[in-house]
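Content type mmCIF, C-alpha atoms and all ligand atoms, from the file model01.cif:
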data_coords
#
loop_
_atom_site.label_atom_id
_atom_site.label_comp_id
_atom_site.auth_asym_id
_atom_site.auth_seq_id
_atom_site.Cartn_x
_atom_site.Cartn_y
_atom_site.Cartn_z
CA MET A 1 -1.76 17.52 -38.70
CA ARG A 2 -4.36 18.32 -36.07
CA TYR A 3 -2.14 17.61 -33.06
CA ASP A 4 1.46 18.14 -32.10
CA TYR A 5 1.41 15.01 -29.94
CA LEU A 6 -0.70 11.90 -29.80
CA VAL A 7 -0.23 10.27 -26.41
CA VAL A 8 -1.08 6.57 -26.47
CA GLY A 9 -2.02 5.41 -22.98
CA THR A 10 -3.16 7.58 -20.07
CA GLY A 11 -1.19 5.98 -17.26
CA LEU A 12 1.40 7.97 -15.34
CA PHE A 13 3.92 8.29 -18.18
CA GLY A 14 1.34 9.35 -20.75
CA ALA A 15 -0.50 11.71 -18.42
CA ALA A 16 2.71 13.44 -17.29
CA PHE A 17 4.00 13.85 -20.84
CA ALA A 18 0.62 15.17 -22.00
CA GLN A 19 0.47 17.60 -19.07
CA GLN A 20 3.94 18.98 -19.83
CA ALA A 21 3.26 19.27 -23.56
CA LYS A 22 -0.01 21.11 -22.93
CA ALA A 23 1.74 23.44 -20.49
CA ALA A 24 4.29 24.19 -23.22
CA GLY A 25 1.45 25.26 -25.53
CA LYS A 26 1.30 22.09 -27.62
CA LYS A 27 -1.88 20.61 -29.03
CA VAL A 28 -2.24 17.18 -27.47
CA LEU A 29 -4.62 14.26 -27.92
CA ALA A 30 -4.46 11.44 -25.38
CA ILE A 31 -6.08 8.10 -26.20
CA ASP A 32 -6.57 4.92 -24.20
CA LYS A 33 -7.79 1.52 -25.28
CA ARG A 34 -9.61 1.03 -21.98
CA ASP A 35 -12.89 2.71 -21.08
CA HIS A 36 -11.17 4.83 -18.43
CA ILE A 37 -8.04 6.92 -17.89
CA GLY A 38 -5.20 6.17 -15.47
CA GLY A 39 -3.65 2.95 -16.74
CA ASN A 40 -2.93 0.59 -13.89
CA VAL A 41 -3.10 3.25 -11.18
CA TYR A 42 -6.83 3.60 -11.89
CA THR A 43 -9.03 3.59 -8.81
CA GLU A 44 -12.80 3.25 -8.71
CA GLU A 45 -15.18 3.91 -5.85
CA ILE A 46 -17.10 0.94 -4.43
CA ALA A 47 -19.26 1.50 -1.32
CA GLY A 48 -17.39 4.75 -0.64
CA ILE A 49 -13.99 3.03 -0.80
CA GLN A 50 -11.34 3.80 -3.45
CA VAL A 51 -10.56 0.41 -4.96
CA HIS A 52 -7.20 -0.06 -6.73
CA ARG A 53 -8.58 -2.12 -9.61
CA TYR A 54 -5.23 -3.11 -11.09
CA GLY A 55 -3.38 -3.74 -7.85
CA ALA A 56 -2.23 -1.72 -4.87
CA HIS A 57 -0.35 1.49 -5.64
CA ILE A 58 1.38 3.30 -2.79
CA PHE A 59 3.13 6.45 -3.85
CA HIS A 60 6.61 6.86 -2.40
CA THR A 61 9.64 8.86 -3.42
CA ASN A 62 12.86 10.45 -2.27
CA ASN A 63 12.72 12.89 -5.13
CA HIS A 64 11.56 16.30 -3.94
CA LEU A 65 10.79 17.50 -7.46
CA ILE A 66 8.53 14.52 -8.13
CA TRP A 67 6.79 14.93 -4.79
CA ASP A 68 6.16 18.61 -5.57
CA TYR A 69 5.01 17.63 -9.05
CA VAL A 70 2.33 15.16 -7.91
CA ASN A 71 1.18 17.46 -5.13
CA GLN A 72 0.04 19.92 -7.79
CA PHE A 73 -2.60 17.40 -8.83
CA ALA A 74 -3.59 15.69 -5.58
CA GLU A 75 -3.39 16.03 -1.83
CA PHE A 76 -1.77 12.98 -0.26
CA ASN A 77 -2.70 11.29 3.01
CA ARG A 78 -0.15 9.97 5.50
CA TYR A 79 -0.50 6.25 4.63
CA THR A 80 2.70 4.27 5.27
CA ASN A 81 2.91 0.86 3.71
CA SER A 82 3.56 -1.91 6.22
CA PRO A 83 2.35 -5.17 4.71
CA ILE A 84 2.40 -8.34 6.78
CA ALA A 85 3.21 -11.88 5.69
CA ASN A 86 1.03 -14.88 6.48
CA TYR A 87 3.01 -18.11 6.25
CA HIS A 88 0.88 -21.17 7.10
CA GLY A 89 -1.24 -19.07 9.45
CA LYS A 90 1.61 -17.40 11.30
CA ILE A 91 2.07 -13.65 10.91
CA TYR A 92 5.42 -11.97 10.20
CA SER A 93 6.31 -8.30 9.84
CA LEU A 94 7.60 -6.86 6.58
CA PRO A 95 9.91 -5.65 5.25
CA PHE A 96 12.58 -7.79 6.90
CA ASN A 97 13.42 -6.01 10.13
CA MET A 98 13.95 -6.54 13.85
CA TYR A 99 10.27 -7.50 14.35
CA THR A 100 10.59 -10.18 11.63
CA PHE A 101 13.85 -11.51 13.11
CA ASN A 102 12.24 -11.68 16.54
CA GLN A 103 9.19 -13.55 15.17
CA MET A 104 11.42 -15.93 13.20
CA TRP A 105 14.25 -16.56 15.66
CA GLY A 106 13.34 -14.90 18.96
CA THR A 107 16.35 -12.60 18.60
CA ILE A 108 16.20 -9.42 20.68
CA THR A 109 19.21 -7.35 19.67
CA PRO A 110 20.51 -6.31 16.24
CA GLN A 111 23.77 -8.15 17.02
CA GLU A 112 21.92 -11.43 17.64
CA ALA A 113 19.92 -11.03 14.45
CA GLU A 114 22.96 -10.15 12.35
CA GLN A 115 24.80 -13.14 13.79
CA LYS A 116 21.92 -15.42 12.68
CA VAL A 117 22.04 -14.05 9.14
CA ILE A 118 25.83 -14.41 8.97
CA GLU A 119 25.63 -18.04 10.19
CA GLN A 120 22.96 -18.97 7.64
CA ARG A 121 24.72 -17.21 4.79
CA LYS A 122 27.94 -19.03 5.67
CA ALA A 123 26.20 -22.41 5.93
CA ALA A 124 24.71 -21.84 2.45
CA GLY A 125 28.23 -21.06 1.14
CA ILE A 126 27.25 -17.84 -0.63
CA THR A 127 29.94 -15.26 -1.22
CA ASP A 128 28.97 -13.64 -4.51
CA PRO A 129 25.17 -13.78 -5.04
CA LYS A 130 24.27 -14.30 -8.69
CA ASN A 131 20.49 -14.67 -8.66
CA LEU A 132 17.48 -13.83 -6.48
CA GLU A 133 17.79 -16.97 -4.34
CA GLU A 134 21.44 -16.37 -3.51
CA GLN A 135 20.86 -12.66 -3.01
CA ALA A 136 17.95 -13.32 -0.63
CA ILE A 137 19.85 -15.87 1.47
CA SER A 138 22.83 -13.56 1.58
CA LEU A 139 20.66 -10.68 2.84
CA VAL A 140 18.42 -12.45 5.38
CA GLY A 141 19.44 -16.10 5.69
CA THR A 142 17.76 -19.37 4.74
CA ASP A 143 14.84 -19.39 7.22
CA ILE A 144 13.40 -16.11 5.97
CA TYR A 145 14.17 -17.09 2.39
CA GLU A 146 12.26 -20.38 2.75
CA LYS A 147 9.25 -18.97 4.62
CA LEU A 148 8.81 -15.41 3.42
CA ILE A 149 10.49 -15.14 0.03
CA LYS A 150 10.61 -18.39 -1.96
CA GLY A 151 6.89 -19.19 -2.20
CA TYR A 152 5.77 -15.61 -2.73
CA THR A 153 8.40 -14.88 -5.37
CA GLU A 154 7.85 -18.09 -7.31
CA LYS A 155 4.09 -17.46 -7.33
CA GLN A 156 4.59 -13.86 -8.38
CA TRP A 157 7.06 -14.58 -11.18
CA GLY A 158 6.18 -18.17 -12.13
CA ARG A 159 9.90 -19.03 -12.20
CA PRO A 160 12.33 -20.57 -9.71
CA CYS A 161 14.17 -18.00 -7.59
CA ASN A 162 17.53 -19.15 -8.89
CA GLN A 163 16.46 -18.09 -12.39
CA LEU A 164 15.37 -14.59 -11.38
CA PRO A 165 17.53 -11.45 -11.29
CA ALA A 166 18.86 -10.42 -7.87
CA PHE A 167 17.71 -6.82 -8.23
CA ILE A 168 14.05 -7.78 -7.64
CA ILE A 169 14.70 -8.64 -3.98
CA GLN A 170 16.88 -5.57 -3.55
CA ARG A 171 13.69 -3.52 -3.90
CA LEU A 172 12.90 -4.46 -0.29
CA PRO A 173 14.72 -2.87 2.63
CA VAL A 174 16.45 -5.11 5.20
CA ARG A 175 16.77 -3.31 8.52
CA PHE A 176 18.38 -4.16 11.80
CA ALA A 177 15.95 -1.72 13.40
CA PHE A 178 12.33 -2.02 14.58
CA ASP A 179 10.72 -0.35 11.58
CA ASN A 180 7.89 -1.85 9.50
CA ASN A 181 7.87 0.88 6.83
CA TYR A 182 8.10 -1.03 3.53
CA PHE A 183 9.84 1.84 1.78
CA ASN A 184 12.95 3.89 2.45
CA ALA A 185 11.25 6.96 1.11
CA ARG A 186 11.12 10.44 2.52
CA PHE A 187 7.67 11.09 1.03
CA GLN A 188 4.84 8.56 0.99
CA GLY A 189 1.04 8.52 0.77
CA ILE A 190 -2.09 7.88 -1.25
CA PRO A 191 -3.89 10.64 -3.18
CA ILE A 192 -7.00 11.64 -1.26
CA GLY A 193 -10.00 10.93 -3.52
CA GLY A 194 -8.08 8.32 -5.56
CA TYR A 195 -5.53 8.13 -8.35
CA THR A 196 -8.15 8.54 -11.06
CA LYS A 197 -8.91 12.04 -9.80
CA MET A 198 -5.19 12.84 -9.79
CA ILE A 199 -4.79 11.69 -13.41
CA GLU A 200 -7.94 13.61 -14.34
CA ASN A 201 -6.31 16.74 -12.92
CA MET A 202 -3.09 16.05 -14.83
CA LEU A 203 -5.10 15.72 -18.04
CA SER A 204 -7.20 18.81 -17.38
CA GLY A 205 -7.83 20.76 -20.59
CA ILE A 206 -6.42 17.96 -22.76
CA GLU A 207 -8.60 16.14 -25.27
CA VAL A 208 -8.97 12.48 -24.24
CA GLN A 209 -10.56 9.70 -26.28
CA LEU A 210 -11.31 6.35 -24.62
CA ASN A 211 -11.82 2.88 -26.15
CA LYS A 212 -9.32 3.70 -28.87
CA ASP A 213 -6.71 1.13 -29.81
CA TYR A 214 -3.73 2.79 -31.51
CA LEU A 215 -2.26 -0.43 -32.87
CA ASN A 216 -5.52 -1.37 -34.61
CA GLU A 217 -5.69 1.84 -36.62
CA ARG A 218 -2.12 3.02 -36.70
CA ASP A 219 -2.30 4.73 -40.10
CA TYR A 220 -5.23 6.88 -39.07
CA TRP A 221 -3.64 7.97 -35.78
CA ASN A 222 -0.24 8.62 -37.31
CA LYS A 223 -1.84 10.95 -39.84
CA ILE A 224 -3.39 13.24 -37.27
CA ALA A 225 -0.34 13.96 -35.10
CA ASN A 226 3.22 15.10 -35.68
CA LYS A 227 4.63 12.82 -33.02
CA VAL A 228 3.43 9.86 -31.04
CA VAL A 229 4.20 9.07 -27.39
CA TYR A 230 3.58 5.35 -27.09
CA THR A 231 3.27 3.68 -23.67
CA GLY A 232 2.01 0.23 -24.72
CA SER A 233 4.15 -2.90 -25.00
CA ILE A 234 7.18 -2.37 -27.20
CA ASP A 235 6.99 -5.86 -28.77
CA ALA A 236 3.32 -5.32 -29.72
CA TYR A 237 4.30 -2.03 -31.40
CA PHE A 238 6.67 -3.95 -33.67
CA ASP A 239 4.12 -6.71 -34.29
CA PHE A 240 6.20 -9.17 -32.21
CA CYS A 241 8.62 -9.39 -35.16
CA TYR A 242 11.38 -10.87 -32.97
CA GLY A 243 8.96 -12.92 -30.86
CA TYR A 244 7.10 -12.26 -27.61
CA LEU A 245 8.67 -10.59 -24.60
CA SER A 246 7.55 -12.22 -21.33
CA TYR A 247 5.34 -10.33 -18.93
CA ARG A 248 3.55 -11.33 -15.77
CA SER A 249 -0.14 -10.62 -15.62
CA LEU A 250 -2.49 -10.35 -12.65
CA GLN A 251 -6.04 -11.39 -11.94
CA PHE A 252 -8.10 -10.00 -9.10
CA GLU A 253 -11.05 -11.51 -7.27
CA THR A 254 -12.73 -8.51 -5.70
CA GLU A 255 -15.50 -8.81 -3.08
CA LEU A 256 -17.61 -6.33 -1.14
CA LEU A 257 -18.06 -7.73 2.37
CA ASN A 258 -20.65 -6.79 4.96
CA MET A 259 -18.15 -6.34 7.74
CA PRO A 260 -16.07 -3.32 8.72
CA ASN A 261 -12.73 -5.09 9.01
CA PHE A 262 -11.58 -8.24 7.20
CA GLN A 263 -7.83 -8.44 7.90
CA GLY A 264 -6.84 -5.30 9.83
CA ASN A 265 -4.26 -4.21 7.27
CA ALA A 266 -4.22 -2.98 3.67
CA VAL A 267 -1.85 -5.69 2.44
CA VAL A 268 -1.39 -9.29 3.63
CA ASN A 269 1.07 -11.40 1.61
CA TYR A 270 0.56 -15.17 1.52
CA THR A 271 4.13 -16.37 1.31
CA ASP A 272 3.60 -20.15 1.20
CA CYS A 273 3.45 -21.88 -2.16
CA GLU A 274 0.12 -23.68 -1.48
CA THR A 275 -2.17 -20.61 -1.25
CA PRO A 276 -2.99 -19.84 -4.88
CA TYR A 277 -3.02 -16.05 -4.52
CA THR A 278 -0.02 -13.89 -3.63
CA ARG A 279 -1.78 -11.30 -1.47
CA ILE A 280 -5.09 -9.91 -0.26
CA ILE A 281 -5.61 -6.18 -0.44
CA GLU A 282 -8.19 -4.56 1.86
CA HIS A 283 -8.58 -1.23 0.12
CA LYS A 284 -10.16 0.86 2.89
CA TRP A 285 -6.93 0.83 4.95
CA PHE A 286 -5.14 2.86 2.30
CA GLU A 287 -7.35 5.74 3.36
CA PHE A 288 -8.13 4.89 7.00
CA GLY A 289 -11.72 4.08 6.02
CA THR A 290 -14.46 3.96 8.65
CA GLN A 291 -17.19 2.46 6.43
CA CYS A 292 -19.28 -0.40 7.84
CA GLN A 293 -18.43 -2.50 4.76
CA THR A 294 -15.11 -3.44 3.23
CA VAL A 295 -13.73 -4.37 -0.20
CA ILE A 296 -11.02 -7.00 -0.58
CA SER A 297 -9.10 -8.22 -3.63
CA ARG A 298 -7.31 -11.53 -3.85
CA GLU A 299 -4.41 -11.15 -6.26
CA TYR A 300 -3.34 -14.00 -8.53
CA SER A 301 -0.24 -13.88 -10.67
CA LEU A 302 -0.06 -15.58 -14.06
CA GLU A 303 2.05 -15.62 -17.22
CA TRP A 304 0.97 -13.10 -19.82
CA GLN A 305 -0.38 -14.36 -23.10
CA PRO A 306 -1.92 -12.43 -26.00
CA GLY A 307 -5.38 -11.13 -25.09
CA ILE A 308 -4.71 -10.42 -21.40
CA GLU A 309 -3.12 -7.40 -19.73
CA PRO A 310 0.66 -7.27 -19.24
CA TYR A 311 1.70 -5.83 -15.83
CA TYR A 312 5.31 -6.65 -15.02
CA PRO A 313 8.22 -7.04 -17.43
CA VAL A 314 10.26 -10.18 -16.71
CA ASN A 315 13.73 -8.64 -16.71
CA ASP A 316 15.73 -11.86 -16.89
CA GLN A 317 18.66 -12.33 -19.27
CA ILE A 318 16.72 -13.91 -22.14
CA ASN A 319 14.07 -11.23 -22.15
CA MET A 320 16.54 -8.37 -21.73
CA ALA A 321 18.45 -9.63 -24.76
CA LEU A 322 15.20 -9.70 -26.75
CA TYR A 323 14.25 -6.26 -25.47
CA GLU A 324 17.56 -4.86 -26.71
CA LYS A 325 16.63 -5.96 -30.23
CA TYR A 326 13.30 -4.13 -29.99
CA LYS A 327 15.06 -1.12 -28.47
CA THR A 328 17.34 -0.93 -31.51
CA LEU A 329 14.25 -0.75 -33.73
CA ALA A 330 12.68 1.85 -31.41
CA ASN A 331 15.79 4.04 -31.70
CA LEU A 332 15.27 4.17 -35.47
CA GLU A 333 11.72 5.51 -35.14
CA THR A 334 11.74 9.26 -35.62
CA LYS A 335 8.03 9.84 -35.07
CA THR A 336 7.51 7.78 -31.93
CA ILE A 337 8.75 8.16 -28.36
CA PHE A 338 8.52 5.04 -26.17
CA GLY A 339 7.89 5.36 -22.43
CA GLY A 340 6.64 3.68 -19.28
CA ARG A 341 6.77 0.15 -17.85
CA LEU A 342 5.59 -1.48 -21.06
CA GLY A 343 7.18 0.90 -23.58
CA GLU A 344 10.61 0.61 -21.94
CA TYR A 345 10.19 -2.89 -20.51
CA ARG A 346 11.26 -1.69 -17.06
CA TYR A 347 10.05 -2.48 -13.54
CA TYR A 348 9.40 1.22 -12.85
CA ASP A 349 7.93 2.54 -9.62
CA MET A 350 5.45 5.39 -9.90
CA ASP A 351 7.97 8.07 -8.98
CA THR A 352 10.64 6.81 -11.37
CA VAL A 353 8.20 6.58 -14.25
CA LEU A 354 7.14 10.17 -13.58
CA ALA A 355 10.76 11.30 -13.41
CA SER A 356 11.38 9.59 -16.72
CA ALA A 357 8.30 11.20 -18.33
CA LEU A 358 9.32 14.66 -17.14
CA GLU A 359 12.84 14.17 -18.42
CA VAL A 360 11.67 12.92 -21.82
CA ALA A 361 9.18 15.80 -22.04
CA GLU A 362 11.85 18.36 -21.15
CA ARG A 363 14.21 17.00 -23.80
CA GLU A 364 11.50 16.77 -26.43
CA LEU A 365 9.79 20.08 -25.76
CA SER A 366 12.96 22.15 -25.43
CA ARG A 367 13.91 20.90 -28.89
CA ASN A 368 10.57 21.95 -30.35
CA ARG A 369 9.81 25.23 -28.61
N1 LIG B 1 8.96 -10.29 -1.73
C1 LIG B 1 9.00 -11.47 -1.03
N2 LIG B 1 8.09 -11.67 -0.02
C2 LIG B 1 7.17 -10.75 0.30
C3 LIG B 1 7.13 -9.53 -0.41
C4 LIG B 1 8.05 -9.33 -1.44
O1 LIG B 1 9.81 -12.34 -1.30
O2 LIG B 1 6.36 -10.99 1.21
C5 LIG B 1 9.94 -10.10 -2.83
C6 LIG B 1 9.56 -10.89 -4.08
O3 LIG B 1 10.75 -11.36 -4.67
C7 LIG B 1 8.91 -9.86 -4.95
C8 LIG B 1 9.69 -8.60 -4.60
O4 LIG B 1 10.03 -8.77 -3.23
O5 LIG B 1 8.97 -10.19 -6.31
C9 LIG B 1 8.90 -7.32 -4.78
O6 LIG B 1 7.64 -7.53 -4.17
P1 LIG B 1 6.48 -6.49 -4.05
O7 LIG B 1 5.31 -7.21 -3.57
O8 LIG B 1 6.95 -5.32 -3.26
O9 LIG B 1 6.31 -6.03 -5.56
P2 LIG B 1 5.19 -5.12 -6.20
O10 LIG B 1 4.29 -6.03 -6.92
O11 LIG B 1 4.50 -4.42 -5.06
O12 LIG B 1 5.95 -4.22 -7.13
#
Let me see whether you can do it: turn the structure in this file into structure tokens.
Amino acid sequence: MRYDYLVVGTGLFGAAFAQQAKAAGKKVLAIDKRDHIGGNVYTEEIAGIQVHRYGAHIFHTNNHLIWDYVNQFAEFNRYTNSPIANYHGKIYSLPFNMYTFNQMWGTITPQEAEQKVIEQRKAAGITDPKNLEEQAISLVGTDIYEKLIKGYTEKQWGRPCNQLPAFIIQRLPVRFAFDNNYFNARFQGIPIGGYTKMIENMLSGIEVQLNKDYLNERDYWNKIANKVVYTGSIDAYFDFCYGYLSYRSLQFETELLNMPNFQGNAVVNYTDCETPYTRIIEHKWFEFGTQCQTVISREYSLEWQPGIEPYYPVNDQINMALYEKYKTLANLETKTIFGGRLGEYRYYDMDTVLASALEVAERELSRNR
């Protein structure tokens, strides 16, 4: 055995586990099937702008330990996410707050806005929300559901809102206050110099091999390491023996434009169902860029199929039941630890995936000191 740990995938989970194992004196090899490190937080520089190639990533957390952890590897700027929604050419503030209520209904006070929501919830007859549609109407009423949630959500997930789990919409704050901060997080920002640099710092001193696909040469890789930390899709690991889990995938149309300012904000969501993309990201605003050019990415959501990249687990009942079957197999594996969005089939945020990696590393490494 040449290595104590083989880490498969250099996204946040893999990089954090590798970093902790190295710090504990373990011999670690990290591999990635792509030609770069960083998983989906990877950023690349185009015309002096850090471009989030696999979708916008805004770091936010309430966890002091995680904030201190990432600050060892990057300095963060003061970016606060405040996306806006474009519905048929009219602009609305996000997340749903007093500005949104004013734009939608002309309400001025929190009492007026709350009254509107109560009326619409009552008219819809919802008392015990059981899916995303009912949960959304219950939280913000039918007008906001129809204009700012339904189209966007159905494009993003490719499923009707009444077949999606309620927890997805609970990710967004609803505030009866004038506050456009998308997150209820004490700490928020973007790593100065990009996420790739941050991951590079996490992996400092660790052997990394790129363009290496673990699943294609499993026997070889298993022979060179005592244990494997696997962050790819759990169903792929088990050769889809129970069938495919569903994932949503993304496609990006990225353009460099000869203008300093395309849309005046990092994120604009297109919440109608006719616009084929879900959002346009203008990357320079994540770092208050002053370049004379700009880079934008139109984001399209599509169902995953073999051969393309999985991004989001679809945590509905059918898929969760299937995942449980794979999880039972995973629990029987003594050599492999499963982690991350794909390995655990969980809609993790960056801070929660790091917390999970640190916890798994602590448990694993304290056992093998
Ligand atoms: N959402 C919505 N309208 C919006 C933005 C978000 O309805 O303009 C809902 C939608 O159900 C979506 C969820 O909130 O699936 C989370 O969206 P977000 O864009 O924050 O997810 P991300 O891709 O950034 O994790």
Can you work out the spacing between CA of Ile49 (chain A) and CA of Arg298 (chain A) in Å, to one decimal?
->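 Rounded to one decimal, the two atoms are 16.3 Å apart.
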Closest atom pairs, chain A residues within 6 Å of ligand LIG 1 (chain B), only C-alpha atoms and all ligand atoms, as a Markdown table:
| residue | atom | partner | partner_atom | distance |
| --- | --- | --- | --- | --- |
| A:Ala85 | CA | B:LIG1 | O2 | 5.5 |
| A:Leu148 | CA | B:LIG1 | N2 | 5.1 |
| A:Ile149 | CA | B:LIG1 | O1 | 3.2 |
| A:Tyr152 | CA | B:LIG1 | N2 | 5.3 |
| A:Thr153 | CA | B:LIG1 | O3 | 4.3 |
| A:Ile168 | CA | B:LIG1 | C8 | 5.4 |
| A:Ile169 | CA | B:LIG1 | O4 | 4.7 |
| A:Leu172 | CA | B:LIG1 | O4 | 6.0 |
| A:Asn269 | CA | B:LIG1 | O2 | 5.3 |
| A:Thr271 | CA | B:LIG1 | O2 | 5.8 |
Write the selection just made, keeping C-alpha atoms, as an mmCIF file, in the frame of the given file?
data_model
loop_
_atom_site.group_PDB
_atom_site.id
_atom_site.type_symbol
_atom_site.label_atom_id
_atom_site.label_comp_id
_atom_site.auth_asym_id
_atom_site.auth_seq_id
_atom_site.Cartn_x
_atom_site.Cartn_y
_atom_site.Cartn_z
ATOM 1 C CA ALA A 85 3.210 -11.880 5.690
ATOM 2 C CA LEU A 148 8.810 -15.410 3.420
ATOM 3 C CA ILE A 149 10.490 -15.140 0.030
ATOM 4 C CA TYR A 152 5.770 -15.610 -2.730
ATOM 5 C CA THR A 153 8.400 -14.880 -5.370
ATOM 6 C CA ILE A 168 14.050 -7.780 -7.640
ATOM 7 C CA ILE A 169 14.700 -8.640 -3.980
ATOM 8 C CA LEU A 172 12.900 -4.460 -0.290
ATOM 9 C CA ASN A 269 1.070 -11.400 1.610
ATOM 10 C CA THR A 271 4.130 -16.370 1.310
#
Find, counting all atoms listed in the file, the residue in A:Tyr345, A:Phe176, A:Phe338, A:Tyr323 that gets nearest to Asn97 (chain A).
-> A:Phe176
For a cut-off of 8 Å around (2.6, 2.8, -1.8), file coordinates, pick out all residues using all atoms listed in the file and list them as a PDB file with C-alpha atoms, in the frame of the given file.
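Output saved as out29.pdb:
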ATOM      1  CA  ALA A  56      -2.230  -1.720  -4.870  1.00  0.00           C
ATOM      2  CA  HIS A  57      -0.350   1.490  -5.640  1.00  0.00           C
ATOM      3  CA  ILE A  58       1.380   3.300  -2.790  1.00  0.00           C
ATOM      4  CA  PHE A  59       3.130   6.450  -3.850  1.00  0.00           C
ATOM      5  CA  HIS A  60       6.610   6.860  -2.400  1.00  0.00           C
ATOM      6  CA  TYR A  79      -0.500   6.250   4.630  1.00  0.00           C
ATOM      7  CA  THR A  80       2.700   4.270   5.270  1.00  0.00           C
ATOM      8  CA  ASN A  81       2.910   0.860   3.710  1.00  0.00           C
ATOM      9  CA  GLN A 188       4.840   8.560   0.990  1.00  0.00           C
ATOM     10  CA  GLY A 189       1.040   8.520   0.770  1.00  0.00           C
ATOM     11  CA  ILE A 190      -2.090   7.880  -1.250  1.00  0.00           C
TER      12      ILE A 190
END
Measure the distance from CA of Arg248 (chain A) to CA of Trp157 (chain A) in Å and round it to one decimal.
->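 Spanning CA of Arg248 (chain A) to CA of Trp157 (chain A) is a straight-line distance of 6.6 Å.
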Would you please work out which residue, of A:Asp316, A:Glu309, A:Asp213, A:Asp349, is nearest to Asp35 (chain A) when using only C-alpha atoms?
-> A:Asp213
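Take the candidates A:Val267, A:Ile31, A:Ala24, A:Ala16 and check each one against Gln209 (chain A) using all atoms listed in the file; the shortest distance goes to A:Ile31.
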Could you put an axis-aligned box around every listed atom of region 230-246 of chain A, padded by 4 Å on each side, and send me its centre and edge lengths in Å to one decimal, as lines of an AutoDock Vina configuration file?
center_x = 6.7
center_y = -3.8
center_z = -28.2
size_x = 17.4
size_y = 26.3
size_z = 21.8
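Using only C-alpha atoms, the contacts of Asn226 (chain A) at a cut-off of 10 Å, with sequence neighbours closer than 4 positions omitted, comprise Met1, Arg2, Tyr3, Asp4, Tyr5, Leu6, Trp221, Asn222, Lys335 and Thr336 of chain A.
Between CA of Phe252 (chain A) and CA of Leu302 (chain A) the interatomic distance comes to 11.0 Å.
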Non-local contacts of Gly243 (chain A) (12 Å; all atoms listed in the file; under 2 positions in same chain excluded) as number ranges by chain = A: 234-241, 245-246, 306, 318-319, 321-323, 325-326
